[in-house]
Every structure is written in C-alpha cells, then in structure tokens.
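Have a look at the structure below before the remarks.
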Amino acid sequence: IAEAYARWPRDVPEELAEGLAALLCKNEGSLVKEMSPGQLVALLRAFVLWKKRRRSEQGTINLSLADHIFRLAAEPLLQGRKQWTPDQAATAFWAFAKMTAVPEALFKGLYQELVRGAEKLPEPALAACLLVSARGAAGQIQILRGSSEDSVNELDD
C-alpha cells in the first residue's frame with residue numbers, strides 16, 4: 001500500500017499515513033525489524049514523499065512519527081546491508097538525508113555500499129547520491145554521532 005501511494009503522494013489519506021506510522025512504531029518497532037531491507041527502503045521512500053508532497057497545509061504525516069520510523073529502521077537496514085541492491089542503497093541514502101538526522105553508522109554504511117556499486121546505478125540515482133554526499137560534506141545533514149561502536153566497526157569488515 002505504501003509503495004502504491006508513493007506514486008501519488010499528494011493523494012494519500014492522512015488517516016492511512018498516520019495509521020501506518022503508528023502501526024510501525026507499535027511494540028518498539030517489531031514490524032519494522034521483521035521487514036526485508038527492500039521493504040524498508042520502499043516504506044521509507046513513501047514516508048519521505050508523503051512528508052514532502054502534500055495537498056493539505058498540515059501535511060500527511062506527523063514529522064515526529066516519521067523520524068521515529070526512520071530511527072527504528074536504521075539498525076535493521078544496517079544489519080541487512082549485504083542484501084541491498086545499489087538502487088536500494090541509493091534510495092535509503094536519499095531518504096535518510098531528507099530526515100532531520102541520520103545515524104552515523106548507517107550513513108557510512110550506505111555511502112560505502114554506494115561507492116562499491118556506483119557503476120551499477122542509473123544516472124538519476126547517482127546524481128541524487130552525489131547531491132546528498134555534497135550536502136553531507138558541507139555539513140548540511142545532521143549526523144547522529146554516538147551510534148553503537150560495534151555498528152561502525154561492522155562497516156570495516
């Protein structure tokens with residue numbers, strides 16, 4: 001449902017967006033933790049589009065709920081990084097850069113995956129990743145430092 005409505009983000013009913021967000025946050029994000037990296041990336045893309053493109057003045061989704069979902073998704077995405085396709089890594093990189101803050105370990109992991117698979121990316125995805133990288137280098141993206149040291153060390157494997 002989220003992927004379908006991501007194609008028409010202005011038409012997503014607020015009740016649907018809020019209900020899905022609440023469901024995903026339920027039980028400390030247990031549903032989010034069970035999703036595959038591909039499902040998570042599709043879901044995060046939908047939430048970014050719903051947040052940005054809306055018909056109503058108040059928006060389609062509560063920003064703090066969206067931030068919470070992204071924080072819940074960070075660890076499962078990082079753990080499943082070996083399963084990412086280059087497109088999924090690019091979409092996750094773009095989506096997290098649109099939120100208020102990005103966990104450092106995830107940002108580094110996404111960046112490393114993109115460097116490895118850059119030649120496989122379509123030009124629009126590569127362009128979006130280059131813009132996100134430039135924003136990160138310019139300090140325009142808030143990086144959440146102090147993510148678990150173990151997660152950062154896993155990146156170097």
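Labeling convention for the structure tokens: chains A, B, ... as they appear, residues from 1 per chain, ligands from 1 in order of appearance.
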task: Tell me which protein, DNA and RNA residues are within 10 Å of Phe96 in chain A, counting only C-alpha atoms, leaving out same-chain ones fewer than 5 positions away, and put them as a PyMOL selection string.
output: chain A and resi 41+44-45+48+67+70-71+74+91+101-103+106-107+110+132+141
- prompt: Which is closest to Leu114 in chain A among A:Asn27, A:Thr85, A:Gln79, A:Gln39, if we use only C-alpha atoms?
  reply: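 Nearest candidate to Leu114 in chain A out of A:Asn27, A:Thr85, A:Gln79, A:Gln39: A:Thr85.
Distances from A:Ala17, A:Met99, A:Met35, A:Ala46 to Glu75 in chain A were compared using only C-alpha atoms, and the smallest one belongs to A:Met35.
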message: With only C-alpha atoms as the counted atoms, please give the residues lying no more than 12 Å from Ala128 in chain A, apart from itself and same-chain residues fewer than 4 positions off, as a list in words.
response: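 The filter keeps Asp87, Ala89, Ala90, Thr91, Ala92, Phe93, Trp94, Ala95, Ala97, Lys98, Leu114, Ala118, Leu121, Pro122, Glu123, Pro124, Val132, Ser133, Ala134 and Arg135 of chain A.
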Would you write out those residues with C-alpha atoms, as a short mmCIF file (atom, residue, chain, number, x, y, z; two decimals), in the first residue's frame?
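That gives us selection17.cif:
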data_model
loop_
_atom_site.label_atom_id
_atom_site.label_comp_id
_atom_site.auth_asym_id
_atom_site.auth_seq_id
_atom_site.Cartn_x
_atom_site.Cartn_y
_atom_site.Cartn_z
CA ASP A 87 19.25 1.14 -6.12
CA ALA A 89 21.22 1.77 -1.08
CA ALA A 90 20.79 4.93 -3.18
CA THR A 91 17.13 5.30 -2.19
CA ALA A 92 17.90 4.78 1.50
CA PHE A 93 20.80 7.28 1.30
CA TRP A 94 18.47 9.86 -0.29
CA ALA A 95 15.58 9.14 2.11
CA ALA A 97 19.17 12.68 4.07
CA LYS A 98 15.64 14.13 3.88
CA LEU A 114 27.17 3.24 -2.97
CA ALA A 118 28.32 3.28 -8.23
CA LEU A 121 23.47 2.98 -10.50
CA PRO A 122 21.23 4.65 -13.06
CA GLU A 123 22.22 8.27 -13.70
CA PRO A 124 19.29 9.84 -11.76
CA VAL A 132 23.43 14.02 -0.77
CA SER A 133 27.19 13.44 -0.47
CA ALA A 134 27.86 17.11 -1.21
CA ARG A 135 25.27 18.17 1.38
#
DSSP strand (DSSP E or B) residues within chain A, listed as an mmCIF file with N, CA and C atoms, in the first residue's frame:
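The resulting file, part10.cif, is shown below:
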data_model
loop_
_atom_site.group_PDB
_atom_site.id
_atom_site.type_symbol
_atom_site.label_atom_id
_atom_site.label_comp_id
_atom_site.auth_asym_id
_atom_site.auth_seq_id
_atom_site.Cartn_x
_atom_site.Cartn_y
_atom_site.Cartn_z
ATOM 1 N N VAL A 102 20.599 11.699 10.621
ATOM 2 C CA VAL A 102 20.964 10.379 10.105
ATOM 3 C C VAL A 102 21.925 9.720 11.079
ATOM 4 N N PRO A 103 21.657 8.472 11.487
ATOM 5 C CA PRO A 103 22.629 7.773 12.335
ATOM 6 C C PRO A 103 23.952 7.603 11.586
ATOM 7 N N ILE A 143 24.306 14.547 11.408
ATOM 8 C CA ILE A 143 24.712 13.169 11.632
ATOM 9 C C ILE A 143 24.604 12.883 13.123
ATOM 10 N N LEU A 144 23.905 11.807 13.468
ATOM 11 C CA LEU A 144 23.778 11.398 14.870
ATOM 12 C C LEU A 144 25.028 10.628 15.258
#
Pick from A:Glu15, A:Glu104, A:Glu3, A:Glu28 nearest to His68 in chain A, counting only C-alpha atoms: A:Glu28
query: Neighbours of Gly38 in chain A within 9 Å (only C-alpha atoms; same-chain residues fewer than 4 positions away dropped), as a PyMOL selection string?
result: chain A and resi 42-43+83-85+88
Please save C-alpha atoms of the selected residues as a PDB file, in the first residue's frame.
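So selection-v5.pdb came out as:
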ATOM      1  CA  ALA A  42      10.236   1.227  -0.180  1.00  0.00           C
ATOM      2  CA  LEU A  43       8.489   2.224   3.029  1.00  0.00           C
ATOM      3  CA  GLN A  83      21.317  -7.734   0.798  1.00  0.00           C
ATOM      4  CA  TRP A  84      20.960  -4.206  -0.608  1.00  0.00           C
ATOM      5  CA  THR A  85      20.885  -3.621  -4.314  1.00  0.00           C
ATOM      6  CA  GLN A  88      18.058   0.319  -2.603  1.00  0.00           C
TER       7      GLN A  88
END
field: Residue nearest Gly29 in chain A - candidates A:Ala125, A:Leu72, A:Leu131, A:Ala105, atoms counted: only C-alpha atoms
entry: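 Using only C-alpha atoms, the shortest distance to Gly29 in chain A belongs to A:Leu72.
Distances to Ala21 in chain A were evaluated for A:Leu65, A:Trp8, A:Trp50, A:Gln142 using only C-alpha atoms, and the minimum falls at A:Leu65.
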